[in-house]
Amino acid sequence: MADRKHDEVLLHRDPVNGKYPAPERYRRGQSVPIPESVGVTLELSVDTLPDGD
């Protein structure tokens with residue numbers, strides 16, 4: 001989830017009993033790893049995600 005207000009990306013993963021634990025937070029200059037459950041190996045740059053590019 002891109003949080004434009006706080007200029008970061010929140011990664012929610014591994015729900016337990018239908019609820020997600022606290023998200024992993026990534027700021028500009030970092031890359032967000034895509035969870036293995038998606039089925040691809042990929043990292044996205046946080047620099048572009050909050051901007052909507």
# chains A, B, ... in the order shown; residues from 1 in each chain; ligands from 1
>>> residues_around(residues="region 16-31 of chain A", least_positions_apart="5", cutoff="10 Å", atoms="only C-alpha atoms", output="ChimeraX atom specification")
/A:1-3,6-11,42-50
>>> select_by_dssp(residues="chain A", states="strand (DSSP E)", output="number ranges by chain")
A: 2-3, 8-11, 24-27, 31-33, 43-45
>>> write_last_selection(atoms="N, CA and C atoms", output="PDB file, in the first residue's frame")
ATOM      1  N   ALA A   2       0.700   2.138  -0.932  1.00  0.00           N
ATOM      2  CA  ALA A   2       1.464   3.382  -0.977  1.00  0.00           C
ATOM      3  C   ALA A   2       0.783   4.410  -0.078  1.00  0.00           C
ATOM      4  N   ASP A   3       1.516   4.920   0.881  1.00  0.00           N
ATOM      5  CA  ASP A   3       1.006   5.933   1.816  1.00  0.00           C
ATOM      6  C   ASP A   3       1.640   7.268   1.427  1.00  0.00           C
ATOM      7  N   GLU A   8       5.742   6.743   2.267  1.00  0.00           N
ATOM      8  CA  GLU A   8       6.291   5.406   2.481  1.00  0.00           C
ATOM      9  C   GLU A   8       5.376   4.363   1.868  1.00  0.00           C
ATOM     10  N   VAL A   9       5.884   3.145   1.813  1.00  0.00           N
ATOM     11  CA  VAL A   9       5.108   2.012   1.331  1.00  0.00           C
ATOM     12  C   VAL A   9       4.965   1.032   2.488  1.00  0.00           C
ATOM     13  N   LEU A  10       3.751   0.541   2.683  1.00  0.00           N
ATOM     14  CA  LEU A  10       3.475  -0.430   3.736  1.00  0.00           C
ATOM     15  C   LEU A  10       3.222  -1.786   3.088  1.00  0.00           C
ATOM     16  N   LEU A  11       3.915  -2.795   3.572  1.00  0.00           N
ATOM     17  CA  LEU A  11       3.752  -4.140   3.040  1.00  0.00           C
ATOM     18  C   LEU A  11       3.083  -4.997   4.109  1.00  0.00           C
ATOM     19  N   GLU A  24       5.297  -4.044   7.325  1.00  0.00           N
ATOM     20  CA  GLU A  24       6.687  -3.669   7.143  1.00  0.00           C
ATOM     21  C   GLU A  24       6.663  -2.323   6.433  1.00  0.00           C
ATOM     22  N   ARG A  25       7.506  -1.389   6.861  1.00  0.00           N
ATOM     23  CA  ARG A  25       7.512  -0.037   6.301  1.00  0.00           C
ATOM     24  C   ARG A  25       8.789   0.192   5.493  1.00  0.00           C
ATOM     25  N   TYR A  26       8.608   0.783   4.327  1.00  0.00           N
ATOM     26  CA  TYR A  26       9.730   1.083   3.448  1.00  0.00           C
ATOM     27  C   TYR A  26       9.649   2.547   3.046  1.00  0.00           C
ATOM     28  N   ARG A  27      10.779   3.227   3.097  1.00  0.00           N
ATOM     29  CA  ARG A  27      10.851   4.656   2.763  1.00  0.00           C
ATOM     30  C   ARG A  27      11.615   4.855   1.455  1.00  0.00           C
ATOM     31  N   SER A  31      13.978  -0.559  -1.460  1.00  0.00           N
ATOM     32  CA  SER A  31      13.186  -1.376  -2.380  1.00  0.00           C
ATOM     33  C   SER A  31      12.247  -2.250  -1.574  1.00  0.00           C
ATOM     34  N   VAL A  32      11.081  -2.498  -2.136  1.00  0.00           N
ATOM     35  CA  VAL A  32      10.079  -3.347  -1.498  1.00  0.00           C
ATOM     36  C   VAL A  32      10.143  -4.722  -2.149  1.00  0.00           C
ATOM     37  N   PRO A  33      10.461  -5.768  -1.382  1.00  0.00           N
ATOM     38  CA  PRO A  33      10.460  -7.110  -1.958  1.00  0.00           C
ATOM     39  C   PRO A  33       9.022  -7.603  -2.110  1.00  0.00           C
ATOM     40  N   GLU A  43      11.643  -6.707  -6.995  1.00  0.00           N
ATOM     41  CA  GLU A  43      11.721  -5.656  -5.982  1.00  0.00           C
ATOM     42  C   GLU A  43      11.304  -4.357  -6.645  1.00  0.00           C
ATOM     43  N   LEU A  44      10.473  -3.594  -5.963  1.00  0.00           N
ATOM     44  CA  LEU A  44      10.002  -2.321  -6.484  1.00  0.00           C
ATOM     45  C   LEU A  44      10.646  -1.176  -5.716  1.00  0.00           C
ATOM     46  N   SER A  45      11.046  -0.137  -6.424  1.00  0.00           N
ATOM     47  CA  SER A  45      11.651   1.021  -5.807  1.00  0.00           C
ATOM     48  C   SER A  45      10.587   1.867  -5.121  1.00  0.00           C
TER      49      SER A  45
END
